[in-house]
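Below is upload06.cif, holding mmCIF, C-alpha atoms.
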```
data_my_file
#
loop_
_atom_site.group_PDB
_atom_site.id
_atom_site.type_symbol
_atom_site.label_atom_id
_atom_site.label_comp_id
_atom_site.auth_asym_id
_atom_site.auth_seq_id
_atom_site.Cartn_x
_atom_site.Cartn_y
_atom_site.Cartn_z
ATOM 1 C CA MET A 34 87.501 4.246 -34.560
ATOM 2 C CA HIS A 35 89.408 1.052 -34.228
ATOM 3 C CA VAL A 36 92.876 0.688 -32.956
ATOM 4 C CA LYS A 37 94.945 -2.245 -34.028
ATOM 5 C CA ALA A 38 96.059 -4.318 -31.155
ATOM 6 C CA SER A 39 99.609 -4.257 -32.444
ATOM 7 C CA ARG A 40 99.736 -0.479 -32.097
ATOM 8 C CA VAL A 41 98.868 -0.483 -28.410
ATOM 9 C CA SER A 42 102.153 0.033 -26.669
ATOM 10 C CA THR A 43 102.734 -2.324 -23.778
ATOM 11 C CA PRO A 44 105.819 -2.304 -21.607
ATOM 12 C CA ARG A 45 108.098 -5.038 -22.821
ATOM 13 C CA ILE A 46 109.799 -7.079 -20.179
ATOM 14 C CA GLY A 47 112.037 -10.010 -20.741
ATOM 15 C CA PRO A 48 110.872 -13.561 -20.044
ATOM 16 C CA LEU A 49 110.559 -14.233 -16.327
ATOM 17 C CA PRO A 50 112.831 -16.855 -14.779
ATOM 18 C CA ALA A 51 111.165 -20.188 -14.016
ATOM 19 C CA SER A 52 111.124 -19.604 -10.246
ATOM 20 C CA ALA A 53 109.387 -16.223 -10.663
ATOM 21 C CA ARG A 54 106.820 -17.795 -12.998
ATOM 22 C CA VAL A 55 106.083 -20.526 -10.431
ATOM 23 C CA ILE A 56 105.709 -17.959 -7.615
ATOM 24 C CA THR A 57 103.497 -15.726 -9.770
ATOM 25 C CA PHE A 58 101.328 -18.691 -10.768
ATOM 26 C CA ALA A 59 101.046 -19.831 -7.130
ATOM 27 C CA ALA A 60 100.113 -16.334 -5.950
ATOM 28 C CA MET A 61 97.507 -15.942 -8.712
ATOM 29 C CA SER A 62 96.081 -19.390 -7.873
ATOM 30 C CA VAL A 63 95.871 -18.544 -4.175
ATOM 31 C CA TRP A 64 93.952 -15.342 -4.936
ATOM 32 C CA LYS A 65 91.691 -17.170 -7.346
ATOM 33 C CA TYR A 66 90.766 -19.760 -4.702
ATOM 34 C CA ALA A 67 90.467 -17.114 -1.998
ATOM 35 C CA ASN A 68 87.155 -16.260 -3.632
ATOM 36 C CA PRO A 69 84.486 -17.971 -1.431
ATOM 37 C CA ALA A 70 82.648 -19.593 -4.370
ATOM 38 C CA GLU A 71 85.892 -20.955 -5.863
ATOM 39 C CA PHE A 72 87.028 -22.069 -2.413
ATOM 40 C CA MET A 73 83.799 -24.012 -1.833
ATOM 41 C CA ARG A 74 83.964 -25.603 -5.269
ATOM 42 C CA LEU A 75 87.589 -26.711 -4.939
ATOM 43 C CA THR A 76 87.375 -27.894 -1.333
ATOM 44 C CA GLY A 77 84.165 -29.794 -2.071
ATOM 45 C CA ARG A 78 86.132 -31.901 -4.540
ATOM 46 C CA LEU A 79 89.162 -32.268 -2.245
ATOM 47 C CA LEU A 80 87.432 -33.342 0.950
ATOM 48 C CA LEU A 81 86.756 -36.995 0.201
ATOM 49 C CA PRO A 82 90.279 -37.847 -1.064
ATOM 50 C CA VAL A 83 91.840 -35.994 1.881
ATOM 51 C CA TRP A 84 89.693 -37.889 4.424
ATOM 52 C CA ALA A 85 90.500 -41.194 2.698
ATOM 53 C CA ALA A 86 94.230 -40.437 2.737
ATOM 54 C CA THR A 87 94.008 -39.374 6.401
ATOM 55 C CA ILE A 88 92.391 -42.625 7.494
ATOM 56 C CA LEU A 89 94.851 -44.707 5.480
ATOM 57 C CA VAL A 90 98.093 -42.944 6.451
ATOM 58 C CA LEU A 91 97.187 -42.266 10.074
ATOM 59 C CA GLY A 92 95.855 -45.804 10.523
ATOM 60 C CA VAL A 93 99.023 -47.392 9.137
ATOM 61 C CA GLY A 94 101.275 -44.931 11.009
ATOM 62 C CA LEU A 95 99.640 -45.491 14.402
ATOM 63 C CA ALA A 96 99.417 -49.272 13.971
ATOM 64 C CA TRP A 97 103.107 -49.349 13.011
ATOM 65 C CA GLY A 98 103.991 -46.974 15.848
ATOM 66 C CA LEU A 99 102.260 -49.139 18.436
ATOM 67 C CA SER A 100 104.109 -52.236 17.235
ATOM 68 C CA VAL A 101 107.680 -50.894 17.320
ATOM 69 C CA PRO A 102 110.098 -52.501 19.805
ATOM 70 C CA ASP A 103 110.660 -50.776 23.145
ATOM 71 C CA ASP A 104 113.461 -48.242 23.387
ATOM 72 C CA TYR A 105 116.440 -49.334 25.483
ATOM 73 C CA GLN A 106 116.067 -46.295 27.771
ATOM 74 C CA GLN A 107 112.458 -45.144 27.433
ATOM 75 C CA GLY A 108 110.850 -48.575 27.297
ATOM 76 C CA SER A 109 107.362 -48.568 25.807
ATOM 77 C CA THR A 110 106.876 -44.832 26.525
ATOM 78 C CA VAL A 111 108.663 -44.260 23.216
ATOM 79 C CA LYS A 112 105.296 -45.028 21.602
ATOM 80 C CA ILE A 113 103.976 -41.719 22.948
ATOM 81 C CA LEU A 114 106.453 -40.062 20.561
ATOM 82 C CA PHE A 115 104.225 -40.936 17.599
ATOM 83 C CA ILE A 116 101.448 -38.665 18.812
ATOM 84 C CA HIS A 117 103.392 -36.114 20.856
ATOM 85 C CA VAL A 118 105.793 -34.997 18.112
ATOM 86 C CA PRO A 119 103.200 -34.504 15.309
ATOM 87 C CA ALA A 120 100.802 -32.784 17.735
ATOM 88 C CA ALA A 121 103.510 -30.397 18.939
ATOM 89 C CA MET A 122 104.564 -29.611 15.358
ATOM 90 C CA LEU A 123 100.973 -28.891 14.378
ATOM 91 C CA ALA A 124 100.374 -26.798 17.496
ATOM 92 C CA ILE A 125 103.155 -24.424 16.426
ATOM 93 C CA ASN A 126 102.586 -24.551 12.672
ATOM 94 C CA THR A 127 98.839 -23.940 13.018
ATOM 95 C CA TYR A 128 99.598 -20.796 14.963
ATOM 96 C CA ALA A 129 102.031 -19.735 12.219
ATOM 97 C CA LEU A 130 99.304 -20.350 9.620
ATOM 98 C CA MET A 131 96.829 -18.272 11.632
ATOM 99 C CA ALA A 132 99.368 -15.461 11.888
ATOM 100 C CA VAL A 133 99.998 -15.456 8.121
ATOM 101 C CA ALA A 134 96.252 -15.574 7.394
ATOM 102 C CA SER A 135 95.675 -12.737 9.868
ATOM 103 C CA ILE A 136 98.352 -10.559 8.247
ATOM 104 C CA ILE A 137 96.875 -11.201 4.787
ATOM 105 C CA GLY A 138 93.412 -10.448 6.158
ATOM 106 C CA LEU A 139 94.510 -7.214 7.787
ATOM 107 C CA ILE A 140 96.424 -5.995 4.727
ATOM 108 C CA ARG A 141 94.190 -7.215 1.909
ATOM 109 C CA ARG A 142 90.880 -7.064 3.863
ATOM 110 C CA HIS A 143 90.146 -10.554 2.646
ATOM 111 C CA HIS A 144 87.343 -12.327 4.523
ATOM 112 C CA VAL A 145 88.402 -15.855 3.611
ATOM 113 C CA SER A 146 91.806 -15.238 5.239
ATOM 114 C CA PHE A 147 90.180 -14.236 8.514
ATOM 115 C CA LEU A 148 87.778 -17.166 8.308
ATOM 116 C CA VAL A 149 90.606 -19.645 7.681
ATOM 117 C CA ALA A 150 92.437 -18.284 10.743
ATOM 118 C CA LYS A 151 89.246 -18.586 12.781
ATOM 119 C CA ALA A 152 88.633 -22.126 11.509
ATOM 120 C CA ALA A 153 92.214 -23.175 12.335
ATOM 121 C CA ALA A 154 92.170 -21.943 15.963
ATOM 122 C CA PRO A 155 90.212 -24.809 17.592
ATOM 123 C CA ILE A 156 92.311 -27.362 15.691
ATOM 124 C CA GLY A 157 95.531 -25.702 16.856
ATOM 125 C CA ALA A 158 94.214 -25.523 20.420
ATOM 126 C CA ALA A 159 93.321 -29.233 20.313
ATOM 127 C CA PHE A 160 96.795 -30.186 19.085
ATOM 128 C CA THR A 161 98.435 -27.946 21.693
ATOM 129 C CA LEU A 162 96.392 -29.632 24.423
ATOM 130 C CA ILE A 163 97.383 -33.059 23.073
ATOM 131 C CA ALA A 164 101.056 -32.015 23.031
ATOM 132 C CA LEU A 165 100.829 -30.760 26.635
ATOM 133 C CA ILE A 166 99.003 -33.846 27.943
ATOM 134 C CA THR A 167 101.095 -36.442 26.120
ATOM 135 C CA GLY A 168 104.258 -34.560 27.107
ATOM 136 C CA ALA A 169 103.219 -34.637 30.759
ATOM 137 C CA VAL A 170 102.296 -38.315 30.577
ATOM 138 C CA TRP A 171 105.691 -39.097 29.018
ATOM 139 C CA GLY A 172 107.520 -36.789 31.456
ATOM 140 C CA GLN A 173 106.238 -38.451 34.626
ATOM 141 C CA PRO A 174 108.013 -41.813 34.115
ATOM 142 C CA MET A 175 111.022 -40.379 32.226
ATOM 143 C CA TRP A 176 111.761 -37.087 34.042
ATOM 144 C CA GLY A 177 110.083 -37.985 37.302
ATOM 145 C CA THR A 178 107.653 -35.084 37.048
ATOM 146 C CA TRP A 179 104.497 -34.189 35.132
ATOM 147 C CA TRP A 180 105.553 -30.603 34.556
ATOM 148 C CA VAL A 181 108.522 -28.256 34.778
ATOM 149 C CA TRP A 182 108.500 -24.524 34.139
ATOM 150 C CA ASP A 183 111.165 -24.707 31.465
ATOM 151 C CA ALA A 184 111.200 -22.305 28.541
ATOM 152 C CA ARG A 185 109.689 -24.579 25.905
ATOM 153 C CA LEU A 186 106.899 -26.007 28.046
ATOM 154 C CA THR A 187 105.985 -22.584 29.402
ATOM 155 C CA ALA A 188 105.946 -21.065 25.900
ATOM 156 C CA VAL A 189 103.635 -23.835 24.667
ATOM 157 C CA LEU A 190 101.314 -23.315 27.638
ATOM 158 C CA ILE A 191 101.139 -19.547 26.964
ATOM 159 C CA MET A 192 100.521 -20.269 23.268
ATOM 160 C CA PHE A 193 97.598 -22.476 24.341
ATOM 161 C CA PHE A 194 96.177 -19.543 26.319
ATOM 162 C CA PHE A 195 96.529 -17.351 23.220
ATOM 163 C CA TYR A 196 94.526 -19.903 21.244
ATOM 164 C CA LEU A 197 91.800 -19.762 23.911
ATOM 165 C CA GLY A 198 91.907 -15.962 24.021
ATOM 166 C CA TYR A 199 91.682 -15.753 20.232
ATOM 167 C CA MET A 200 88.602 -18.003 20.139
ATOM 168 C CA ALA A 201 87.003 -16.215 23.097
ATOM 169 C CA LEU A 202 87.443 -12.846 21.378
ATOM 170 C CA TRP A 203 85.830 -14.087 18.157
ATOM 171 C CA SER A 204 82.795 -15.333 20.053
ATOM 172 C CA ALA A 205 82.575 -12.319 22.385
ATOM 173 C CA ILE A 206 82.232 -9.690 19.641
ATOM 174 C CA GLU A 207 79.028 -9.787 17.627
ATOM 175 C CA GLU A 208 80.144 -7.498 14.817
ATOM 176 C CA PRO A 209 82.177 -9.719 12.418
ATOM 177 C CA GLU A 210 84.325 -6.890 10.999
ATOM 178 C CA LYS A 211 85.446 -5.791 14.445
ATOM 179 C CA ALA A 212 85.866 -9.365 15.704
ATOM 180 C CA GLN A 213 88.111 -10.356 12.810
ATOM 181 C CA ASP A 214 90.395 -7.324 13.184
ATOM 182 C CA LEU A 215 90.796 -7.542 16.957
ATOM 183 C CA SER A 216 91.319 -11.307 16.955
ATOM 184 C CA ALA A 217 93.912 -10.954 14.193
ATOM 185 C CA ILE A 218 95.828 -8.465 16.346
ATOM 186 C CA VAL A 219 95.667 -10.802 19.362
ATOM 187 C CA CYS A 220 96.922 -13.612 17.134
ATOM 188 C CA LEU A 221 99.888 -11.519 15.976
ATOM 189 C CA VAL A 222 100.788 -10.585 19.563
ATOM 190 C CA GLY A 223 100.989 -14.283 20.430
ATOM 191 C CA VAL A 224 103.372 -15.110 17.569
ATOM 192 C CA ILE A 225 106.338 -14.613 19.893
ATOM 193 C CA PHE A 226 105.198 -17.607 21.970
ATOM 194 C CA ALA A 227 104.765 -19.792 18.894
ATOM 195 C CA PHE A 228 108.318 -18.802 17.928
ATOM 196 C CA LEU A 229 109.609 -19.542 21.447
ATOM 197 C CA SER A 230 107.751 -22.864 21.509
ATOM 198 C CA ARG A 231 109.835 -23.878 18.520
ATOM 199 C CA TYR A 232 113.202 -22.272 19.277
ATOM 200 C CA ALA A 233 113.380 -21.949 23.095
ATOM 201 C CA VAL A 234 115.576 -25.061 23.267
ATOM 202 C CA MET A 235 118.203 -23.184 21.228
ATOM 203 C CA PHE A 236 118.208 -20.067 23.424
ATOM 204 C CA TRP A 237 118.087 -21.547 26.919
ATOM 205 C CA ALA A 238 119.150 -24.736 28.674
ATOM 206 C CA THR A 239 115.847 -26.564 28.940
ATOM 207 C CA LEU A 240 114.883 -29.944 30.345
ATOM 208 C CA HIS A 241 113.023 -30.597 27.099
ATOM 209 C CA GLN A 242 115.360 -32.109 24.535
ATOM 210 C CA GLY A 243 116.126 -30.507 21.182
ATOM 211 C CA SER A 244 114.984 -31.743 17.781
ATOM 212 C CA SER A 245 115.370 -35.428 17.054
ATOM 213 C CA LEU A 246 114.669 -34.855 13.358
ATOM 214 C CA SER A 247 116.766 -32.028 12.015
ATOM 215 C CA VAL A 248 118.389 -31.245 8.697
ATOM 216 C CA GLU A 249 121.253 -29.342 10.395
ATOM 217 C CA THR A 250 122.117 -31.756 13.198
ATOM 218 C CA GLY A 251 121.343 -34.913 11.270
ATOM 219 C CA GLN A 252 119.225 -37.851 12.285
ATOM 220 C CA ARG A 253 119.159 -38.686 15.981
ATOM 221 C CA ILE A 254 116.475 -41.331 15.916
ATOM 222 C CA ASP A 255 116.687 -44.998 15.033
ATOM 223 C CA ASP A 256 115.253 -46.216 11.712
ATOM 224 C CA ALA A 257 112.791 -48.452 13.608
ATOM 225 C CA PHE A 258 111.071 -45.341 14.970
ATOM 226 C CA ARG A 259 111.707 -42.900 12.156
ATOM 227 C CA THR A 260 109.460 -44.343 9.423
ATOM 228 C CA PRO A 261 106.299 -44.730 11.562
ATOM 229 C CA LEU A 262 106.975 -41.270 13.005
ATOM 230 C CA TYR A 263 107.067 -39.777 9.494
ATOM 231 C CA LEU A 264 103.831 -41.608 8.653
ATOM 232 C CA CYS A 265 102.131 -40.285 11.795
ATOM 233 C CA MET A 266 103.344 -36.767 10.995
ATOM 234 C CA ILE A 267 101.883 -36.972 7.479
ATOM 235 C CA GLY A 268 98.677 -38.518 8.869
ATOM 236 C CA PHE A 269 98.255 -35.755 11.459
ATOM 237 C CA TYR A 270 98.837 -33.092 8.799
ATOM 238 C CA LEU A 271 96.238 -34.705 6.551
ATOM 239 C CA PHE A 272 93.797 -34.786 9.466
ATOM 240 C CA PHE A 273 94.520 -31.121 10.084
ATOM 241 C CA ILE A 274 93.860 -30.233 6.420
ATOM 242 C CA ALA A 275 90.619 -32.262 6.337
ATOM 243 C CA VAL A 276 89.230 -30.678 9.519
ATOM 244 C CA LEU A 277 90.408 -27.207 8.479
ATOM 245 C CA LEU A 278 88.615 -27.497 5.131
ATOM 246 C CA VAL A 279 85.363 -28.576 6.808
ATOM 247 C CA ARG A 280 85.603 -25.766 9.386
ATOM 248 C CA ALA A 281 86.442 -23.131 6.764
ATOM 249 C CA ARG A 282 83.454 -24.260 4.665
ATOM 250 C CA THR A 283 81.288 -24.013 7.797
ATOM 251 C CA GLU A 284 82.446 -20.444 8.432
ATOM 252 C CA ILE A 285 81.781 -19.437 4.823
ATOM 253 C CA ARG A 286 78.287 -20.952 4.968
ATOM 254 C CA LEU A 287 77.526 -19.181 8.248
ATOM 255 C CA ARG A 288 78.755 -15.844 6.876
ATOM 256 C CA ARG A 289 76.647 -16.298 3.744
ATOM 257 C CA ALA A 290 73.546 -17.246 5.768
ATOM 258 C CA GLN A 291 74.077 -14.185 7.972
ATOM 259 C CA ARG A 292 74.328 -11.892 4.911
ATOM 260 C CA LEU A 293 71.170 -13.381 3.405
ATOM 261 C CA ARG A 294 69.261 -12.853 6.653
ATOM 262 C CA GLN A 295 70.472 -9.241 6.837
ATOM 263 C CA ARG A 296 69.482 -8.623 3.213
ATOM 264 C CA GLU A 297 66.054 -10.116 3.842
ATOM 265 C CA ALA A 298 65.569 -7.972 6.941
ATOM 266 C CA MET A 299 66.474 -4.803 5.006
ATOM 267 C CA ALA A 300 64.173 -5.625 2.074
ATOM 268 C CA MET B 78 103.698 -53.770 25.245
ATOM 269 C CA SER B 79 101.966 -56.058 27.702
ATOM 270 C CA PHE B 80 100.025 -55.630 30.911
ATOM 271 C CA GLU B 81 103.201 -56.462 32.835
ATOM 272 C CA ASP B 82 104.842 -53.454 31.246
ATOM 273 C CA PRO B 83 105.274 -50.776 33.962
ATOM 274 C CA TYR B 84 104.649 -48.028 31.397
ATOM 275 C CA ALA B 85 101.544 -49.542 29.743
ATOM 276 C CA LEU B 86 99.174 -47.274 31.649
ATOM 277 C CA TYR B 87 101.068 -44.161 30.544
ATOM 278 C CA VAL B 88 100.931 -45.182 26.889
ATOM 279 C CA ILE B 89 97.226 -46.035 27.103
ATOM 280 C CA ALA B 90 96.513 -42.730 28.879
ATOM 281 C CA ALA B 91 98.362 -40.738 26.199
ATOM 282 C CA TYR B 92 96.607 -42.462 23.292
ATOM 283 C CA GLY B 93 93.249 -42.347 25.097
ATOM 284 C CA ALA B 94 93.500 -38.610 25.777
ATOM 285 C CA THR B 95 94.495 -37.988 22.151
ATOM 286 C CA ALA B 96 91.590 -40.052 20.811
ATOM 287 C CA LEU B 97 89.178 -38.238 23.128
ATOM 288 C CA ILE B 98 90.357 -34.742 22.134
ATOM 289 C CA LEU B 99 90.448 -35.495 18.402
ATOM 290 C CA GLY B 100 87.058 -37.223 18.653
ATOM 291 C CA LEU B 101 85.530 -34.183 20.356
ATOM 292 C CA LEU B 102 87.095 -31.874 17.759
ATOM 293 C CA LEU B 103 85.720 -34.003 14.937
ATOM 294 C CA TRP B 104 82.246 -34.198 16.494
ATOM 295 C CA ALA B 105 82.150 -30.424 17.090
ATOM 296 C CA THR B 106 83.371 -29.774 13.532
ATOM 297 C CA LEU B 107 80.857 -32.046 11.810
ATOM 298 C CA SER B 108 77.887 -30.950 13.919
ATOM 299 C CA ALA B 109 78.716 -27.253 13.355
ATOM 300 C CA ASN B 110 78.989 -27.949 9.628
ATOM 301 C CA ALA B 111 75.584 -29.641 9.583
ATOM 302 C CA ARG B 112 74.037 -26.695 11.484
ATOM 303 C CA ALA B 113 75.597 -24.188 9.073
ATOM 304 C CA ARG B 114 74.363 -26.153 6.079
ATOM 305 C CA ARG B 115 70.799 -26.157 7.495
ATOM 306 C CA ALA B 116 70.996 -22.427 8.333
ATOM 307 C CA LEU B 117 72.095 -21.605 4.781
ATOM 308 C CA GLU B 118 69.383 -23.776 3.231
ATOM 309 C CA GLU B 119 66.751 -22.034 5.362
ATOM 310 C CA SER B 120 68.083 -18.596 4.415
ATOM 311 C CA GLU B 121 68.095 -19.445 0.722
#
```
In structure tokens, write the structure found in this file.
Amino acid sequence: MHVKASRVSTPRIGPLPASARVITFAAMSVWKYANPAEFMRLTGRLLLPVWAATILVLGVGLAWGLSVPDDYQQGSTVKILFIHVPAAMLAINTYALMAVASIIGLIRRHHVSFLVAKAAAPIGAAFTLIALITGAVWGQPMWGTWWVWDARLTAVLIMFFFYLGYMALWSAIEEPEKAQDLSAIVCLVGVIFAFLSRYAVMFWATLHQGSSLSVETGQRIDDAFRTPLYLCMIGFYLFFIAVLLVRARTEIRLRRAQRLRQREAMA
Amino acid sequence: MSFEDPYALYVIAAYGATALILGLLLWATLSANARARRALEESE
């Protein structure tokens, strides 16, 4: 017996607004590419252009940054800004990305989410270390000290320890299912320090200055420094994306190789 | 920035440390990727 398609009753809803259509499309696309095979196919095509853009933008940004005139107060130490600011931004935002990926992984039980969080951790730790070192190197001539226990610096240091703890937990537990769940929980516990790293300057009086680039407070940085700083920020983000893609592909390959070995052992 | 600049060493130290950390990250990433690729090829 055949049923005409027109007779099948489907709930009729009005046309979705454009914003809802964009969000729905984005969500569907994300789930489509969360499939490991799709992820490998797409990222395989993206890697080369992303690396090329990274080298170009970061090269121009750093060369421009190193050739800016000295600041009237900071002298040539202002050049440290071009690596410290992007590194600090990425340190916090990478942690936020790991937290989001961990939540998705815990709720949807999606392996790629956990693997992306795992792949991002060493990159975030590296950028946090860069932010801490360059901040200390800038602080010595400008503040007269390498380190102060102010709210922002302390929060960033604790966030760095959470990165290390997260990576240590992943490597300490042999069973991947257990490792991914426990590390995701550790990651979520540390979110408070990522939040404080960003907003501590608003809650407490800290030696560390507030944002120099802010939509609310307006621009507080001279044009001579602003453009190369934006270029370095974009370059660092591109570097982050390129390394993250390679690391995520590595994790997917390792997981696949492990499954194949297990299957072979059982056969 | 010149060698007479009192802050030159600080700037060089900051950029040097950054290059070292990012270089190590890149080396670790690419070598791990090559190992994973070999492991998968052997398993397949």
So that I can see what lies close to A:Ala227, please list as an MDAnalysis selection string the residues with an atom at most 10 Å from it, counting all atoms listed in the file and leaving out residues fewer than 6 positions away in the same chain. chainID A and resid 124:129 132 185 188:189 191:193 195 233
Identify all chain A residues at most 6 Å from chain B by counting all atoms listed in the file; ligands do not count. Present them as a list in words.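 Those within range of chain B come out as Thr110, Ile163, Thr167, Val170, Thr283, Arg286, Leu287 and Ala290 of chain A.
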Can you translate the PyMOL selection byres ((chain A and resi 209) around 12) into the concrete residues it hits in this file, as number ranges by chain? A: 144, 147-148, 151, 202-208, 210-217, 284, 287-288, 291-292
Could you tell me how far atom CA of A:Met175 sits from atom CA of A:Phe115, in Å to one decimal place?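 Atom CA of A:Met175 lies at a distance of 16.1 Å from atom CA of A:Phe115.
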Stretch 96-110 of chain B, all listed atoms, 6 Å padding on each side: what axis-aligned box centre and edge lengths in Å to one decimal come out, as lines of an AutoDock Vina configuration file?
```
center_x = 84.7
center_y = -33.7
center_z = 16.4
size_x = 25.7
size_y = 24.8
size_z = 25.5
```
Please report the interatomic distance between atom CA of A:Phe269 and atom CA of A:Ala86 in Å with one decimal.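 Calculated distance between atom CA of A:Phe269 and atom CA of A:Ala86 is 10.7 Å.
Distance-wise, atom CA of A:Met235 and atom CA of A:Ala158 end up 24.1 Å apart.
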Evaluated on this file, the PyMOL selection byres ((chain A and resi 241) around 8) picks out some residues - which ones are they, written as JSON, numbers by chain? {"A": [183, 185, 186, 234, 239, 240, 242, 243]}
Decode the PyMOL selection byres ((chain A and resi 119) around 9) for the given file into explicit residues and return them as a PyMOL selection string. chain A and resi 114-118+120-124+160+164+262-263+265-270
Can you pull out every residue within 8 Å of A:Val276, counting only C-alpha atoms, but drop anything in the same chain fewer than 3 positions away, and send it as a list in words? Ile156, Phe272, Phe273, Val279 and Arg280 of chain A; Leu103 and Thr106 of chain B
Please provide as a list in words all residues within 9 Å of A:Trp97, with the sequence filter that same-chain residues fewer than 2 positions apart are discarded (counting all atoms listed in the file). Gly92, Val93, Gly94, Leu95, Leu99, Ser100, Val101, Thr260, Pro261, Leu262 and Leu264 of chain A
